[in-house]
Each structure stands twice: as C-alpha cells, then as structure tokens.
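Asker: Pasting start30.txt here (compact mmCIF, C-alpha atoms):
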```
# COMPACT_ATOMS: atom_id res chain seq x y z
CA ASN A 1 23.41 32.93 5.76
CA PHE A 2 21.75 30.62 8.29
CA THR A 3 20.84 31.25 11.90
CA GLN A 4 23.24 29.85 14.49
CA GLU A 5 20.81 27.05 15.39
CA ILE A 6 20.33 26.01 11.78
CA GLN A 7 24.08 26.01 11.10
CA GLU A 8 24.82 24.00 14.24
CA MET A 9 22.22 21.41 13.27
CA ILE A 10 23.61 21.18 9.73
CA ASP A 11 27.11 20.65 11.11
CA ARG A 12 25.90 18.06 13.62
CA VAL A 13 23.87 15.89 11.25
CA ALA A 14 26.41 16.24 8.42
CA CYS A 15 24.11 15.00 5.64
CA PRO A 16 22.81 16.63 2.45
CA PHE A 17 20.19 19.19 3.39
CA GLN A 18 17.73 21.83 2.29
CA VAL A 19 16.58 24.69 4.50
CA PHE A 20 13.04 26.10 4.36
CA SER A 21 12.28 29.58 5.59
CA GLU A 22 9.33 30.07 7.93
CA ASN A 23 7.49 31.60 4.98
CA THR A 24 7.58 28.38 2.95
CA SER A 25 4.08 26.94 2.63
CA ILE A 26 3.05 23.61 4.13
CA GLU A 27 2.08 22.44 0.66
CA GLU A 28 5.51 23.17 -0.82
CA ILE A 29 7.34 21.48 2.05
CA ASN A 30 5.17 18.38 1.69
CA GLN A 31 5.73 18.27 -2.08
CA ILE A 32 9.50 18.48 -1.64
CA TYR A 33 9.45 15.88 1.15
CA GLU A 34 7.38 13.45 -0.92
CA ALA A 35 9.71 13.90 -3.90
CA ALA A 36 12.70 13.27 -1.64
CA GLN A 37 11.09 10.09 -0.38
CA ILE A 38 10.70 8.76 -3.92
CA ARG A 39 14.24 9.77 -4.86
CA GLY A 40 15.61 8.33 -1.61
CA LYS A 41 14.28 4.86 -2.40
CA LYS A 42 16.34 4.94 -5.58
CA GLU A 43 19.43 6.63 -4.18
CA GLY A 44 19.60 4.98 -0.75
CA PHE A 45 18.55 7.63 1.75
CA THR A 46 15.55 8.49 3.92
CA PRO A 47 14.48 12.15 4.24
CA ILE A 48 13.52 13.72 7.55
CA LEU A 49 12.31 17.20 8.46
CA VAL A 50 13.85 18.79 11.56
CA CYS A 51 12.67 21.81 13.53
CA ALA A 52 16.04 23.04 14.77
CA ASP A 53 16.09 25.09 17.95
CA ARG A 54 18.41 25.57 20.90
CA ILE A 55 16.63 22.99 23.10
CA LEU A 56 16.99 20.24 20.50
CA ILE A 57 20.64 21.07 19.81
CA GLU A 58 21.52 20.99 23.51
CA TRP A 59 19.71 17.68 23.97
CA LEU A 60 21.48 16.09 21.00
CA THR A 61 24.77 17.24 22.52
CA THR A 62 23.84 15.38 25.71
CA GLN A 63 22.89 12.30 23.70
CA LYS A 64 26.27 12.36 21.98
CA GLU A 65 27.86 11.69 25.35
CA ARG A 66 25.64 8.64 25.82
CA PHE A 67 25.75 7.41 22.22
CA PRO A 68 29.05 8.51 20.63
CA SER A 69 28.04 7.41 17.13
CA GLU A 70 25.08 6.49 14.98
CA LYS A 71 26.64 3.06 14.45
CA GLU A 72 26.57 2.39 18.20
CA ILE A 73 22.84 3.15 18.39
CA LEU A 74 22.15 0.88 15.43
CA GLN A 75 24.15 -1.94 17.03
CA LEU A 76 22.36 -1.53 20.37
CA GLN A 77 19.00 -1.73 18.64
CA GLU A 78 20.02 -4.98 16.96
CA THR A 79 21.23 -6.58 20.19
CA SER A 80 18.80 -5.26 22.82
CA GLY A 81 15.86 -3.64 21.05
CA GLU A 82 13.49 -6.61 21.18
CA ASN A 83 14.17 -7.18 24.88
CA LYS A 84 13.38 -3.54 25.58
CA LEU A 85 10.09 -3.88 23.72
CA ILE A 86 9.18 -6.90 25.84
CA GLU A 87 9.97 -4.90 28.98
CA TRP A 88 7.66 -2.10 27.85
CA LYS A 89 4.85 -4.54 27.07
CA ASN A 90 5.25 -6.18 30.46
CA TRP A 91 4.95 -2.74 32.03
CA TYR A 92 1.70 -2.20 30.13
CA GLN A 93 0.26 -5.42 31.54
CA GLU A 94 0.73 -3.92 35.00
CA HIS A 95 -0.41 -0.39 34.05
CA PRO A 96 -3.06 -0.77 31.31
CA LEU A 97 -5.10 2.09 29.94
CA ASN A 98 -8.88 1.80 30.24
CA GLU A 99 -9.62 -0.89 27.66
CA ASN A 100 -13.42 -0.70 27.53
CA PRO A 101 -13.95 -0.97 23.73
CA GLY A 102 -17.48 0.43 23.74
CA ASP A 103 -18.71 0.48 20.15
CA PHE A 104 -15.22 0.60 18.65
CA PHE A 105 -15.40 -2.78 16.90
CA GLN A 106 -18.82 -1.89 15.42
CA TRP A 107 -17.80 1.54 14.08
CA GLU A 108 -17.21 1.99 10.37
CA PHE A 109 -13.97 3.79 9.55
CA LYS A 110 -13.89 5.20 6.05
CA PRO A 111 -10.72 6.31 4.24
CA ARG A 112 -9.76 9.80 5.38
CA LYS A 113 -8.78 12.73 3.25
CA LYS A 114 -5.01 12.71 2.90
CA LYS A 115 -3.47 14.79 5.66
CA GLU A 116 -0.25 16.66 5.04
CA LEU A 117 2.63 16.68 7.48
CA ASN A 118 2.14 19.84 9.51
CA SER A 119 3.66 19.55 13.00
CA PHE A 120 6.40 21.99 11.93
CA GLN A 121 3.93 24.89 11.71
CA ARG A 122 4.93 28.02 13.61
CA ARG A 123 8.29 26.54 14.58
CA GLY A 124 10.47 28.79 12.44
CA GLU A 125 12.97 27.54 9.88
CA LEU A 126 12.97 23.87 8.95
CA ILE A 127 15.65 21.55 7.57
CA LEU A 128 15.19 18.55 5.30
CA PHE A 129 18.05 16.08 5.75
CA GLU A 130 18.84 13.11 3.52
CA ILE A 131 19.85 10.44 6.04
CA PRO A 132 22.02 7.70 4.46
CA VAL A 133 19.86 4.71 5.46
CA ILE A 134 17.36 2.63 3.47
CA HIS A 135 15.46 1.42 6.55
CA PRO A 136 13.37 4.38 7.74
CA TRP A 137 13.49 3.43 11.42
CA GLU A 138 17.26 3.87 11.40
CA VAL A 139 16.95 7.67 11.04
CA ILE A 140 16.48 7.71 14.83
CA ALA A 141 20.23 7.08 15.17
CA TRP A 142 20.85 10.48 13.54
CA MET A 143 18.06 12.23 15.46
CA PRO A 144 17.86 10.62 18.96
CA ILE A 145 15.35 13.03 20.46
CA GLY A 146 14.17 10.73 23.28
CA GLY A 147 15.47 9.52 26.61
CA TRP A 148 13.90 12.11 28.93
CA ASN A 149 10.87 11.86 31.24
CA CYS A 150 8.59 9.21 29.70
CA CYS A 151 9.96 9.61 26.18
CA PRO A 152 11.62 6.38 24.94
CA ASP A 153 15.37 6.52 24.44
CA ALA A 154 16.93 6.12 21.01
CA VAL A 155 17.14 2.32 21.09
CA GLU A 156 13.58 1.93 22.37
CA MET A 157 12.23 4.49 19.91
CA MET A 158 13.97 2.81 16.99
CA THR A 159 12.55 -0.56 18.01
CA PHE A 160 8.98 0.77 18.02
CA CYS A 161 9.61 2.48 14.68
CA LYS A 162 10.97 -0.71 13.13
CA LYS A 163 7.93 -2.72 14.22
CA TRP A 164 5.51 -0.05 12.97
CA TYR A 165 7.26 0.29 9.63
CA GLN A 166 7.08 -3.45 9.07
CA GLU A 167 3.40 -3.54 10.01
CA CYS A 168 2.03 -0.47 8.25
CA GLY A 169 4.83 1.51 6.65
CA ALA A 170 5.16 4.10 9.45
CA ILE A 171 8.02 6.45 8.57
CA PRO A 172 9.47 8.91 11.12
CA ALA A 173 9.17 12.17 9.20
CA VAL A 174 9.15 15.35 11.32
CA PHE A 175 11.27 15.86 14.44
CA SER A 176 11.35 18.57 17.07
CA TYR A 177 12.75 18.45 20.60
CA ASN A 178 9.44 17.12 21.98
CA THR A 179 7.37 15.90 19.01
CA LEU A 180 7.57 13.25 16.32
CA GLU A 181 5.27 12.96 13.32
CA PHE A 182 5.04 9.87 11.11
CA ARG A 183 3.94 9.43 7.51
CA ILE A 184 1.98 6.16 7.16
CA GLU A 185 2.40 4.41 3.82
CA ARG A 186 -0.24 1.75 4.52
CA PRO A 187 -2.95 3.24 6.75
CA VAL A 188 -4.39 0.73 9.22
CA LYS A 189 -7.71 -0.76 8.15
CA GLU A 190 -8.01 -3.71 10.54
CA LYS A 191 -9.56 -2.75 13.87
CA SER A 192 -7.77 -5.57 15.67
CA LEU A 193 -4.40 -4.18 14.53
CA ALA A 194 -5.44 -0.63 15.47
CA TRP A 195 -6.38 -1.89 18.94
CA GLU A 196 -2.98 -3.49 19.49
CA LEU A 197 -1.17 -0.50 18.01
CA ALA A 198 -3.07 1.75 20.41
CA LYS A 199 -1.46 -0.05 23.34
CA GLU A 200 1.95 0.52 21.77
CA HIS A 201 1.17 4.18 21.10
CA TYR A 202 0.31 4.57 24.77
CA LEU A 203 3.60 2.95 25.75
CA PHE A 204 5.48 5.10 23.26
CA CYS A 205 3.84 8.32 24.41
CA ASN A 206 1.40 8.21 27.29
CA ASP A 207 1.12 12.00 27.15
CA CYS A 208 -0.96 11.61 23.99
CA ALA A 209 -3.51 9.55 25.91
CA ASP A 210 -3.45 11.77 28.96
CA PHE A 211 -3.71 15.10 27.13
CA CYS A 212 -4.77 14.44 23.51
CA THR A 213 -7.85 12.24 23.89
CA GLU A 214 -11.30 13.25 25.11
CA ILE A 215 -11.67 10.74 27.92
CA GLY A 216 -8.37 8.85 28.02
CA LEU A 217 -9.64 5.53 26.69
CA LEU A 218 -7.68 3.07 24.60
CA ARG A 219 -10.45 3.23 22.01
CA ASP A 220 -9.78 6.94 21.54
CA ILE A 221 -6.23 6.14 20.44
CA ALA A 222 -7.32 3.17 18.32
CA SER A 223 -9.90 5.36 16.57
CA SER A 224 -7.26 7.96 15.74
CA ILE A 225 -5.09 5.24 14.17
CA CYS A 226 -7.73 3.75 11.85
CA GLN A 227 -7.23 4.92 8.24
CA ALA A 228 -4.89 7.76 9.35
CA ASP A 229 -1.94 8.56 7.08
CA THR A 230 -0.08 10.56 9.73
CA TRP A 231 0.58 9.86 13.42
CA PHE A 232 1.61 12.57 15.85
CA PHE A 233 3.32 12.19 19.24
CA TRP A 234 3.99 14.91 21.79
CA TRP A 235 5.85 14.56 25.10
CA ASP A 236 5.35 16.98 27.97
```
Show me the file's structure as structure tokens.
Answerer:
Amino acid sequence: NFTQEIQEMIDRVACPFQVFSENTSIEEINQIYEAAQIRGKKEGFTPILVCADRILIEWLTTQKERFPSEKEILQLQETSGENKLIEWKNWYQEHPLNENPGDFFQWEFKPRKKKELNSFQRRGELILFEIPVIHPWEVIAWMPIGGWNCCPDAVEMMTFCKKWYQECGAIPAVFSYNTLEFRIERPVKEKSLAWELAKEHYLFCNDCADFCTEIGLLRDIASSICQADTWFFWWD
C-alpha cells in the first residue's frame, strides 16, 4: 500500500513506475536510475525521480488548469520556446550578475570524482517514472514544476533544458516542488562554455547565485559548472 501522496502522483503521471522507501540507500537508487537510463535509450523512455509531497501535487493540479495536456506544453515549446529564451537573455543584459572573472580563466579544473544524484535525501518516499519520450528535455511536460516566483514556467524550463542537453548532455533527473537536479553526460571542460552557461544558470535560478555562492559572482557559478556531472537548482 502506498501513501496518499504517492498514489496520487502515480495516478497523475500515469507512466510505469517504481517506488523507493525512505530506507532505500542513495547508492541503490542511483544504480537503478542509471540502469533505467540505459534501458530507456533502447526502449524509448526517459527516467525521472520524483519526490512526491502534497505541495508538489497541489501545484501540478494548478498547472493542469494552465496546460491541459503534455502535448500542449510540447507544442508551445516548439512554437515559442526560442523567443522566450531571447527574452530572458535580454533581461540579463539589463540585470547582469557581477561578471568580474578574477582568476577564473587561469584556474585549472581537474575531473571531479563522480557525484551521485542525492537531492532526494531526507524527502521521504521517492518514485522513479519511465516517461515516454526519447528527448530528455521533454520530461518537463510531465513534471511542470515551475511557473511561480522566479522559477521558469514549463515552456521556459523545457527550452533551457533542450539547449543544455544539446550542449553537454544535461538530463533533468530529480524533481521536487522547489528543486531540480540534472545528470550531466558530458561534463563541461571549456571555461568559455562554463562562463556562458553560468549566465543561463543565473537566469534559470537566480536563487542559486543569491544563496548558494560565497560572494554572488558569476565566476562562482561558472566554477561549479566546470567538470561537474550533476547540477542542482533550488528556488526559494
């Protein structure tokens, strides 16, 4: 038997699933997720991990009123996504983060030890869903967590995700009502790309710059991107 929140999320997403108890280890969840990723490339689905709670369920209910179907979100991304991205970049030109690079372009960034997905820690039960899409960015249509405060809405979020997947294999992997964690297939090695991605990360989630860096500089974000195989975003 599942909790009410887990059952409601299963019914809402309506895709093949696996539920993990809060006692399941991080290592086991990551192993099962990685295996699902490999299988999904053969079978035509993309796995996601969802921290189901009452806040997320209520927000997805609200989103259903705005976006009645996944197909509608996908169509909106195709027709208006790029224009939305241009609007966000124009906004950044008017409201840039401190761009003093300091020693960033002289620093040596070595490959990091592989980091496991872990943003689901201490969030209770977890669900792995097999979303029936081959393009990883399209999972946002099934899990449109954004559209509140400064968090991008589903179309905007999917557009960022599409660009990042094409550039470095960024896959939306772990969702909660206010966080999103990515698995990066091709960690960023070029500092120039990390610098430009840092601007986009700030647009995508300025809370990470305001609360998750030491001094709120663009180079802090760019440094966190270099060679990282996970990205984490949190909205206040």
Asker: From the options A:Asn90, A:Ala228, A:Glu125, A:Met158, which residue's atoms come nearest to Lys199 (chain A), counting all atoms listed in the file?
Answerer: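 The shortest atom-to-atom distance to Lys199 (chain A) comes from A:Asn90.
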Asker: Could you check which of A:Pro144, A:Thr46, A:Pro96, A:Ser224 is closest to Glu65 (chain A), using all atoms listed in the file?
Answerer: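 Ranked by minimum distance to Glu65 (chain A), first place goes to A:Pro144.
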Asker: Find the residues near Ser25 (chain A): any atom within 12 Å, counting all atoms listed in the file, skip ones fewer than 6 places away on the same chain, and give them as a list of chain:residue names.
Answerer: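 Once the adjacent positions are removed, what remains is A:Gln31, A:Ile32, A:Glu116, A:Leu117, A:Asn118, A:Phe120, A:Gln121, A:Arg122, A:Gly124, A:Glu125, A:Leu126.
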Asker: Extract, using only C-alpha atoms, all DNA, RNA and protein residues at most 12 Å from Ser192 (chain A), discarding same-chain residues fewer than 5 positions from it, and format them as a ChimeraX atom specification.
Answerer: /A:101,104-106,197-199,219,222-223,225-226
Asker: Counting all atoms listed in the file, figure out which residue out of A:Leu218, A:Val188, A:Cys151, A:Ala35 gets nearest to Gly169 (chain A).
Answerer: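 Nearest candidate to Gly169 (chain A) out of A:Leu218, A:Val188, A:Cys151, A:Ala35: A:Val188.
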Asker: Name the closest residue to Leu180 (chain A) among the candidates A:Cys51, A:Pro136, A:Phe20, A:Glu87; distances are taken between atoms, counting only C-alpha atoms.
Answerer: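 For Leu180 (chain A), the nearest of the given residues is A:Cys51.
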Asker: Please determine an axis-aligned box that encloses all atoms of region 164-176 of chain A listed in the file, with 5 Å added on each side, and express its centre and edge lengths in Å to one decimal as JSON.
Answerer:
```
{"center_x": 6.7, "center_y": 7.5, "center_z": 11.9, "size_x": 19.3, "size_y": 32.1, "size_z": 20.4}
```
Asker: State, in Å with one decimal place, the distance from CA of Gly147 (chain A) to CA of Leu76 (chain A).
Answerer: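 Between these atoms lies a distance of 14.4 Å.
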Asker: Determine, counting all atoms listed in the file, every residue of protein, DNA or RNA that lies within 10 Å of (8.8, 8.5, 21.6) in the file coordinates, then give the result as a list in words.
Answerer: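 Returned residue set, sorted by chain then number, is Pro144, Ile145, Gly146, Gly147, Trp148, Cys150, Cys151, Pro152, Asp153, Ala154, Glu156, Met157, Met158, Phe160, Cys161, Asn178, Thr179, Leu180, His201, Tyr202, Leu203, Phe204, Cys205, Asn206, Phe233, Trp234 and Trp235 of chain A.
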Asker: Using all atoms listed in the file, which protein or nucleic acid residues come within 9 Å of Cys15 (chain A)? Drop anything in the same chain fewer than 5 positions from it, and give the result as a PyMOL selection string.
Answerer: chain A and resi 10+129-132
Asker: Of the candidates A:Leu74, A:Ile55, A:Leu60, A:Ile127, which one gets nearest to Gln18 (chain A) if we count all atoms listed in the file?
Answerer: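 Between A:Leu74, A:Ile55, A:Leu60, A:Ile127, the residue approaching Gln18 (chain A) most closely is A:Ile127.
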Asker: Quick one, how far is CA of Arg112 (chain A) from CA of Pro187 (chain A)?
Answerer: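 Going from CA of Arg112 (chain A) over to CA of Pro187 (chain A) covers 9.6 Å.
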Asker: How many Å separate CA of Leu85 (chain A) from CA of Lys163 (chain A)?
Answerer: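 One can read the CA of Leu85 (chain A) to CA of Lys163 (chain A) distance as 9.8 Å.
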Asker: Give the answer as one residue: which of A:Ala36, A:Ile29, A:Leu56, A:Val139 has the shortest atom-to-atom distance to Met9 (chain A), using all atoms listed in the file?
Answerer: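 Looking at the shortest contact to Met9 (chain A), the residue is A:Leu56.
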Asker: Can you fill out region 171-182 of chain A with all heavy atoms and hand it back as a short mmCIF file (atom, residue, chain, number, x, y, z; two decimals), in the frame of the given file?
Answerer:
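New file part_32.cif:
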```cif
data_model
loop_
_atom_site.label_atom_id
_atom_site.label_comp_id
_atom_site.auth_asym_id
_atom_site.auth_seq_id
_atom_site.Cartn_x
_atom_site.Cartn_y
_atom_site.Cartn_z
N ILE A 171 6.71 5.84 8.81
CA ILE A 171 8.02 6.45 8.57
C ILE A 171 8.20 7.68 9.46
O ILE A 171 7.41 8.63 9.37
CB ILE A 171 8.16 6.87 7.10
CG1 ILE A 171 8.05 5.63 6.19
CG2 ILE A 171 9.47 7.61 6.85
CD1 ILE A 171 8.02 5.98 4.72
N PRO A 172 9.21 7.70 10.34
CA PRO A 172 9.47 8.91 11.12
C PRO A 172 9.82 10.06 10.18
O PRO A 172 10.77 9.97 9.41
CB PRO A 172 10.68 8.53 11.99
CG PRO A 172 10.73 7.03 11.96
CD PRO A 172 10.17 6.63 10.62
N ALA A 173 9.04 11.14 10.23
CA ALA A 173 9.17 12.17 9.20
C ALA A 173 9.56 13.54 9.74
O ALA A 173 10.42 14.20 9.16
CB ALA A 173 7.85 12.28 8.42
N VAL A 174 8.93 13.99 10.82
CA VAL A 174 9.15 15.35 11.32
C VAL A 174 9.56 15.30 12.78
O VAL A 174 8.84 14.75 13.63
CB VAL A 174 7.89 16.23 11.17
CG1 VAL A 174 8.22 17.68 11.54
CG2 VAL A 174 7.33 16.15 9.76
N PHE A 175 10.72 15.89 13.09
CA PHE A 175 11.27 15.86 14.44
C PHE A 175 11.35 17.27 15.02
O PHE A 175 11.75 18.21 14.33
CB PHE A 175 12.69 15.30 14.42
CG PHE A 175 12.81 13.85 14.04
CD1 PHE A 175 12.70 13.46 12.71
CD2 PHE A 175 13.04 12.88 15.00
CE1 PHE A 175 12.82 12.13 12.35
CE2 PHE A 175 13.17 11.54 14.65
CZ PHE A 175 13.05 11.16 13.32
N SER A 176 10.99 17.40 16.29
CA SER A 176 11.35 18.57 17.07
C SER A 176 11.87 18.05 18.41
O SER A 176 11.98 16.84 18.60
CB SER A 176 10.16 19.50 17.28
OG SER A 176 9.29 19.00 18.30
N TYR A 177 12.19 18.94 19.35
CA TYR A 177 12.75 18.45 20.60
C TYR A 177 11.73 17.65 21.41
O TYR A 177 12.12 16.81 22.23
CB TYR A 177 13.30 19.62 21.44
CG TYR A 177 12.24 20.47 22.12
CD1 TYR A 177 11.79 20.16 23.40
CD2 TYR A 177 11.70 21.57 21.48
CE1 TYR A 177 10.82 20.94 24.02
CE2 TYR A 177 10.74 22.35 22.09
CZ TYR A 177 10.30 22.04 23.36
OH TYR A 177 9.34 22.81 23.97
N ASN A 178 10.42 17.85 21.18
CA ASN A 178 9.44 17.12 21.98
C ASN A 178 8.28 16.56 21.16
O ASN A 178 7.25 16.19 21.73
CB ASN A 178 8.89 18.01 23.10
CG ASN A 178 8.06 19.18 22.58
OD1 ASN A 178 8.14 19.52 21.39
ND2 ASN A 178 7.28 19.77 23.46
N THR A 179 8.42 16.47 19.85
CA THR A 179 7.37 15.90 19.01
C THR A 179 7.99 15.03 17.92
O THR A 179 9.14 15.21 17.52
CB THR A 179 6.50 16.98 18.33
OG1 THR A 179 7.31 17.77 17.45
CG2 THR A 179 5.82 17.87 19.36
N LEU A 180 7.18 14.09 17.44
CA LEU A 180 7.57 13.25 16.32
C LEU A 180 6.32 12.95 15.50
O LEU A 180 5.32 12.49 16.05
CB LEU A 180 8.22 11.95 16.81
CG LEU A 180 8.62 10.91 15.75
CD1 LEU A 180 9.55 11.51 14.72
CD2 LEU A 180 9.27 9.70 16.43
N GLU A 181 6.39 13.22 14.21
CA GLU A 181 5.27 12.96 13.32
C GLU A 181 5.68 11.91 12.29
O GLU A 181 6.77 11.98 11.73
CB GLU A 181 4.84 14.26 12.61
CG GLU A 181 3.56 14.11 11.80
CD GLU A 181 3.08 15.45 11.23
OE1 GLU A 181 3.87 16.42 11.23
OE2 GLU A 181 1.93 15.51 10.76
N PHE A 182 4.79 10.95 12.06
CA PHE A 182 5.04 9.87 11.11
C PHE A 182 4.17 10.04 9.87
O PHE A 182 3.03 10.49 9.95
CB PHE A 182 4.66 8.51 11.73
CG PHE A 182 5.59 8.00 12.79
CD1 PHE A 182 5.57 8.52 14.07
CD2 PHE A 182 6.47 6.96 12.52
CE1 PHE A 182 6.40 8.03 15.07
CE2 PHE A 182 7.31 6.46 13.50
CZ PHE A 182 7.27 6.99 14.78
#
```
